[in-house]
Amino acid sequence: MRLLAPGMVVAIEWSARGRGGRVEFTSASANKYLRRLQDEKDRLLRSEQEVSTYVLAEGEAAEPPAYDYGAVREKVAQIDAEARAIRHALHRFNMQTVLPERGISIDEALILLAQLSGRKDRLNSLASRQPQERLGNRYFGSSSGPIEYRYANYDVARAEADYRAVADEIAALQLELDLVNQTEVFSVEL
C-alpha cells in the first residue's frame, strides 16, 4: 500500500495482490482498483479468445500457441473473488459512513443525488419555457385561422430560481461526497 497524498490511499501494489491480508482503500481508490481488475480480466479473456484455438492446414506441423485452460480459469476466479470482496466492502462502507454536514449515509446521498438530478431536469424544462409562446408555423399572408399561443400556467421565474437552487444543492452534495470518498478509509480482507 502507498499514499498519494495525506488521507488518500491507493489500493495495494499489483505485486502484493493475491497474498491475502487486510488492505485499506478509500472509496475513490477502491473504484479505481476495481476498474483495474476489470481491465486485467478483459485483457486476459481477449488473450484467451485469441490463443484458445488455432488453425492448422492439412499436412502442417502442429505448433499450438501457449495456453493453459486451468490457469486462465483460476486467474479469472481470483480476479472475480477479489472484485466481489472489494465491492461488498464498498457497499457496506456506503451504507455505514455518514456525511458529516448532512447527517445521511453515502448510500442515502447517492439516492438523493439521483432524485435531485431528476428534479433538476424537470425544472430545467419548466424554466426554459417562455411565459407566452406562439404556436404553429404561420407565414405572412396565411390566414388559416386565429393565431394560437401557449401560456405557462406557473411562474417561470420561480421555476428558474428553483432550478438554480437544486443545481447548487447537487454541487454541494457532490463536493461533500467527493471529500468523504477521498479521505475516509475502509479495509478489506483479500
# chains A, B, ... in the order shown; residues from 1 in each chain; ligands from 1
>>> residues_around(residues="Glu50 (chain A)", least_positions_apart="4", cutoff="12 Å", atoms="only C-alpha atoms", output="list in words")
Arg43, Leu44, Leu45, Arg46, Tyr54, Val55, Pro64, Pro65, Ala66 and Tyr67 of chain A
>>> residues_around(residues="region 74-78 of chain A", least_positions_apart="5", cutoff="10 Å", atoms="only C-alpha atoms", output="list in words")
Arg17, Gly18, Leu37, Gln38, Glu40, Lys41, Asp42, Leu44, Leu45, Tyr69, Ala83 and Arg84 of chain A
>>> select_by_dssp(residues="region 4-169 of chain A", states="helix (DSSP H, G or I)", output="ChimeraX atom specification")
/A:14-16,27-51,69-96,106-127,156-169
>>> closest_residue(among="A:Asp168, A:Val185, A:Leu34, A:Ala61", to="Asp80 (chain A)", atoms="only C-alpha atoms")
A:Leu34
>>> select_by_dssp(residues="region 20-185 of chain A", states="strand (DSSP E)", output="list in words")
Arg22, Val23, Glu24, Phe25, Thr26, Gln132, Glu133, Arg134, Tyr149, Arg150, Tyr151 and Val185 of chain A
>>> write_last_selection(atoms="N, CA and C atoms", output="PDB file, in the first residue's frame")
ATOM      1  N   ARG A  22      -5.351  -7.819   5.132  1.00  0.00           N
ATOM      2  CA  ARG A  22      -6.238  -6.658   5.089  1.00  0.00           C
ATOM      3  C   ARG A  22      -5.607  -5.561   4.257  1.00  0.00           C
ATOM      4  N   VAL A  23      -6.438  -4.943   3.441  1.00  0.00           N
ATOM      5  CA  VAL A  23      -5.996  -3.861   2.577  1.00  0.00           C
ATOM      6  C   VAL A  23      -6.922  -2.673   2.818  1.00  0.00           C
ATOM      7  N   GLU A  24      -6.346  -1.476   2.876  1.00  0.00           N
ATOM      8  CA  GLU A  24      -7.146  -0.277   3.078  1.00  0.00           C
ATOM      9  C   GLU A  24      -7.363   0.443   1.757  1.00  0.00           C
ATOM     10  N   PHE A  25      -8.578   0.966   1.612  1.00  0.00           N
ATOM     11  CA  PHE A  25      -8.974   1.717   0.434  1.00  0.00           C
ATOM     12  C   PHE A  25      -9.755   2.948   0.873  1.00  0.00           C
ATOM     13  N   THR A  26      -9.744   3.971   0.045  1.00  0.00           N
ATOM     14  CA  THR A  26     -10.790   4.984   0.094  1.00  0.00           C
ATOM     15  C   THR A  26     -11.811   4.526  -0.934  1.00  0.00           C
ATOM     16  N   GLN A 132     -45.146  33.094 -22.618  1.00  0.00           N
ATOM     17  CA  GLN A 132     -46.111  33.074 -23.723  1.00  0.00           C
ATOM     18  C   GLN A 132     -45.352  32.652 -24.973  1.00  0.00           C
ATOM     19  N   GLU A 133     -45.896  31.654 -25.685  1.00  0.00           N
ATOM     20  CA  GLU A 133     -45.220  31.125 -26.867  1.00  0.00           C
ATOM     21  C   GLU A 133     -46.225  30.998 -28.005  1.00  0.00           C
ATOM     22  N   ARG A 134     -45.891  31.544 -29.141  1.00  0.00           N
ATOM     23  CA  ARG A 134     -46.766  31.463 -30.307  1.00  0.00           C
ATOM     24  C   ARG A 134     -46.669  30.069 -30.913  1.00  0.00           C
ATOM     25  N   TYR A 149     -51.632  30.797 -28.972  1.00  0.00           N
ATOM     26  CA  TYR A 149     -50.493  30.956 -28.074  1.00  0.00           C
ATOM     27  C   TYR A 149     -50.573  29.902 -26.973  1.00  0.00           C
ATOM     28  N   ARG A 150     -49.412  29.467 -26.539  1.00  0.00           N
ATOM     29  CA  ARG A 150     -49.320  28.584 -25.367  1.00  0.00           C
ATOM     30  C   ARG A 150     -48.814  29.452 -24.211  1.00  0.00           C
ATOM     31  N   TYR A 151     -49.486  29.341 -23.047  1.00  0.00           N
ATOM     32  CA  TYR A 151     -49.114  30.135 -21.882  1.00  0.00           C
ATOM     33  C   TYR A 151     -48.633  29.215 -20.765  1.00  0.00           C
ATOM     34  N   VAL A 185     -11.357   5.936   5.040  1.00  0.00           N
ATOM     35  CA  VAL A 185     -10.728   4.666   4.670  1.00  0.00           C
ATOM     36  C   VAL A 185     -11.533   3.492   5.230  1.00  0.00           C
TER      37      VAL A 185
END
>>> atom_distance(atom1="CA of Glu184 (chain A)", atom2="CA of Glu101 (chain A)")
14.6 Å
>>> closest_residue(among="A:Arg158, A:Arg102, A:Arg122, A:Arg129", to="Gln174 (chain A)", atoms="only C-alpha atoms")
A:Arg102
>>> closest_residue(among="A:Glu148, A:Glu48, A:Asp39, A:Glu176", to="Leu110 (chain A)", atoms="only C-alpha atoms")
A:Glu176
>>> closest_residue(among="A:Gln182, A:Ser105, A:Ser27, A:Ser117", to="Leu90 (chain A)", atoms="only C-alpha atoms")
A:Ser27
>>> closest_residue(among="A:Thr183, A:Ser29, A:Ser47, A:Ser52", to="Arg87 (chain A)", atoms="only C-alpha atoms")
A:Ser29
>>> closest_residue(among="A:Val98, A:Leu112, A:Ile104, A:Ala161", to="Leu126 (chain A)", atoms="only C-alpha atoms")
A:Ala161
>>> residues_around(residues="Asp107 (chain A)", least_positions_apart="5", cutoff="12 Å", atoms="only C-alpha atoms", output="PyMOL selection string")
chain A and resi 90-99+112-114+177+181
>>> write_last_selection(atoms="C-alpha atoms", output="mmCIF file, in the first residue's frame")
data_model
loop_
_atom_site.group_PDB
_atom_site.id
_atom_site.type_symbol
_atom_site.label_atom_id
_atom_site.label_comp_id
_atom_site.auth_asym_id
_atom_site.auth_seq_id
_atom_site.Cartn_x
_atom_site.Cartn_y
_atom_site.Cartn_z
ATOM 1 C CA LEU A 90 -17.537 -0.695 -0.614
ATOM 2 C CA HIS A 91 -21.312 -1.221 -0.367
ATOM 3 C CA ARG A 92 -21.008 -1.747 3.389
ATOM 4 C CA PHE A 93 -18.874 1.431 3.631
ATOM 5 C CA ASN A 94 -21.501 3.403 1.680
ATOM 6 C CA MET A 95 -24.275 2.186 3.979
ATOM 7 C CA GLN A 96 -22.396 2.867 7.230
ATOM 8 C CA THR A 97 -20.465 6.069 6.505
ATOM 9 C CA VAL A 98 -22.359 9.254 7.323
ATOM 10 C CA LEU A 99 -21.721 12.563 5.594
ATOM 11 C CA LEU A 112 -30.744 11.759 -3.058
ATOM 12 C CA LEU A 113 -28.333 12.759 -5.818
ATOM 13 C CA ALA A 114 -30.313 10.719 -8.372
ATOM 14 C CA LEU A 177 -19.327 13.047 -1.308
ATOM 15 C CA ASN A 181 -14.778 9.311 -0.881
#
>>> atom_distance(atom1="CA of Ala159 (chain A)", atom2="CA of Ile106 (chain A)")
28.5 Å
>>> decode(residues="region 50-129 of chain A", atoms="C-alpha atoms", output="PDB file, in the first residue's frame")
ATOM      1  CA  GLU A  50      -7.016 -15.494 -29.477  1.00  0.00           C
ATOM      2  CA  VAL A  51      -4.946 -18.459 -28.235  1.00  0.00           C
ATOM      3  CA  SER A  52      -7.583 -20.987 -27.121  1.00  0.00           C
ATOM      4  CA  THR A  53      -7.938 -22.284 -30.683  1.00  0.00           C
ATOM      5  CA  TYR A  54      -5.655 -22.427 -33.690  1.00  0.00           C
ATOM      6  CA  VAL A  55      -5.956 -23.300 -37.361  1.00  0.00           C
ATOM      7  CA  LEU A  56      -3.840 -25.953 -38.976  1.00  0.00           C
ATOM      8  CA  ALA A  57      -3.671 -26.807 -42.668  1.00  0.00           C
ATOM      9  CA  GLU A  58      -3.508 -30.449 -43.790  1.00  0.00           C
ATOM     10  CA  GLY A  59       0.000 -31.791 -43.528  1.00  0.00           C
ATOM     11  CA  GLU A  60       1.195 -28.788 -41.494  1.00  0.00           C
ATOM     12  CA  ALA A  61       3.122 -29.456 -38.262  1.00  0.00           C
ATOM     13  CA  ALA A  62       1.174 -28.512 -35.125  1.00  0.00           C
ATOM     14  CA  GLU A  63       2.598 -25.528 -33.225  1.00  0.00           C
ATOM     15  CA  PRO A  64      -0.253 -24.506 -30.938  1.00  0.00           C
ATOM     16  CA  PRO A  65       0.072 -21.209 -29.065  1.00  0.00           C
ATOM     17  CA  ALA A  66       0.825 -21.375 -25.344  1.00  0.00           C
ATOM     18  CA  TYR A  67      -2.476 -21.698 -23.477  1.00  0.00           C
ATOM     19  CA  ASP A  68      -3.355 -23.173 -20.094  1.00  0.00           C
ATOM     20  CA  TYR A  69      -7.117 -23.555 -19.699  1.00  0.00           C
ATOM     21  CA  GLY A  70      -6.925 -24.273 -15.958  1.00  0.00           C
ATOM     22  CA  ALA A  71      -4.584 -21.367 -15.216  1.00  0.00           C
ATOM     23  CA  VAL A  72      -6.851 -18.914 -17.031  1.00  0.00           C
ATOM     24  CA  ARG A  73      -9.940 -20.207 -15.184  1.00  0.00           C
ATOM     25  CA  GLU A  74      -8.061 -19.906 -11.864  1.00  0.00           C
ATOM     26  CA  LYS A  75      -6.886 -16.344 -12.613  1.00  0.00           C
ATOM     27  CA  VAL A  76     -10.386 -15.220 -13.658  1.00  0.00           C
ATOM     28  CA  ALA A  77     -11.848 -16.773 -10.491  1.00  0.00           C
ATOM     29  CA  GLN A  78      -9.201 -14.984  -8.387  1.00  0.00           C
ATOM     30  CA  ILE A  79      -9.979 -11.621 -10.014  1.00  0.00           C
ATOM     31  CA  ASP A  80     -13.739 -12.180  -9.571  1.00  0.00           C
ATOM     32  CA  ALA A  81     -13.327 -13.116  -5.900  1.00  0.00           C
ATOM     33  CA  GLU A  82     -11.180 -10.065  -5.226  1.00  0.00           C
ATOM     34  CA  ALA A  83     -13.620  -7.752  -7.023  1.00  0.00           C
ATOM     35  CA  ARG A  84     -16.552  -9.291  -5.132  1.00  0.00           C
ATOM     36  CA  ALA A  85     -14.845  -8.742  -1.760  1.00  0.00           C
ATOM     37  CA  ILE A  86     -13.995  -5.130  -2.587  1.00  0.00           C
ATOM     38  CA  ARG A  87     -17.484  -4.364  -3.937  1.00  0.00           C
ATOM     39  CA  HIS A  88     -19.091  -5.869  -0.841  1.00  0.00           C
ATOM     40  CA  ALA A  89     -16.857  -3.817   1.463  1.00  0.00           C
ATOM     41  CA  LEU A  90     -17.537  -0.695  -0.614  1.00  0.00           C
ATOM     42  CA  HIS A  91     -21.312  -1.221  -0.367  1.00  0.00           C
ATOM     43  CA  ARG A  92     -21.008  -1.747   3.389  1.00  0.00           C
ATOM     44  CA  PHE A  93     -18.874   1.431   3.631  1.00  0.00           C
ATOM     45  CA  ASN A  94     -21.501   3.403   1.680  1.00  0.00           C
ATOM     46  CA  MET A  95     -24.275   2.186   3.979  1.00  0.00           C
ATOM     47  CA  GLN A  96     -22.396   2.867   7.230  1.00  0.00           C
ATOM     48  CA  THR A  97     -20.465   6.069   6.505  1.00  0.00           C
ATOM     49  CA  VAL A  98     -22.359   9.254   7.323  1.00  0.00           C
ATOM     50  CA  LEU A  99     -21.721  12.563   5.594  1.00  0.00           C
ATOM     51  CA  PRO A 100     -20.783  14.993   8.372  1.00  0.00           C
ATOM     52  CA  GLU A 101     -22.702  18.050   7.123  1.00  0.00           C
ATOM     53  CA  ARG A 102     -25.934  16.338   6.064  1.00  0.00           C
ATOM     54  CA  GLY A 103     -26.057  13.516   8.584  1.00  0.00           C
ATOM     55  CA  ILE A 104     -27.064  10.932   5.968  1.00  0.00           C
ATOM     56  CA  SER A 105     -25.207   7.853   4.766  1.00  0.00           C
ATOM     57  CA  ILE A 106     -23.327   7.820   1.468  1.00  0.00           C
ATOM     58  CA  ASP A 107     -25.923   5.332   0.218  1.00  0.00           C
ATOM     59  CA  GLU A 108     -28.745   7.768   1.031  1.00  0.00           C
ATOM     60  CA  ALA A 109     -26.743  10.613  -0.521  1.00  0.00           C
ATOM     61  CA  LEU A 110     -26.380   8.667  -3.785  1.00  0.00           C
ATOM     62  CA  ILE A 111     -30.148   8.082  -3.874  1.00  0.00           C
ATOM     63  CA  LEU A 112     -30.744  11.759  -3.058  1.00  0.00           C
ATOM     64  CA  LEU A 113     -28.333  12.759  -5.818  1.00  0.00           C
ATOM     65  CA  ALA A 114     -30.313  10.719  -8.372  1.00  0.00           C
ATOM     66  CA  GLN A 115     -33.585  12.264  -7.140  1.00  0.00           C
ATOM     67  CA  LEU A 116     -32.149  15.788  -7.278  1.00  0.00           C
ATOM     68  CA  SER A 117     -30.831  15.164 -10.800  1.00  0.00           C
ATOM     69  CA  GLY A 118     -34.313  14.122 -11.944  1.00  0.00           C
ATOM     70  CA  ARG A 119     -35.818  17.185 -10.263  1.00  0.00           C
ATOM     71  CA  LYS A 120     -33.192  19.417 -11.900  1.00  0.00           C
ATOM     72  CA  ASP A 121     -34.026  18.002 -15.346  1.00  0.00           C
ATOM     73  CA  ARG A 122     -37.762  18.660 -14.837  1.00  0.00           C
ATOM     74  CA  LEU A 123     -37.103  22.175 -13.537  1.00  0.00           C
ATOM     75  CA  ASN A 124     -34.778  22.869 -16.471  1.00  0.00           C
ATOM     76  CA  SER A 125     -37.602  22.023 -18.848  1.00  0.00           C
ATOM     77  CA  LEU A 126     -40.031  24.289 -16.967  1.00  0.00           C
ATOM     78  CA  ALA A 127     -37.519  27.137 -16.550  1.00  0.00           C
ATOM     79  CA  SER A 128     -36.634  27.026 -20.264  1.00  0.00           C
ATOM     80  CA  ARG A 129     -40.206  27.681 -21.361  1.00  0.00           C
TER      81      ARG A 129
END
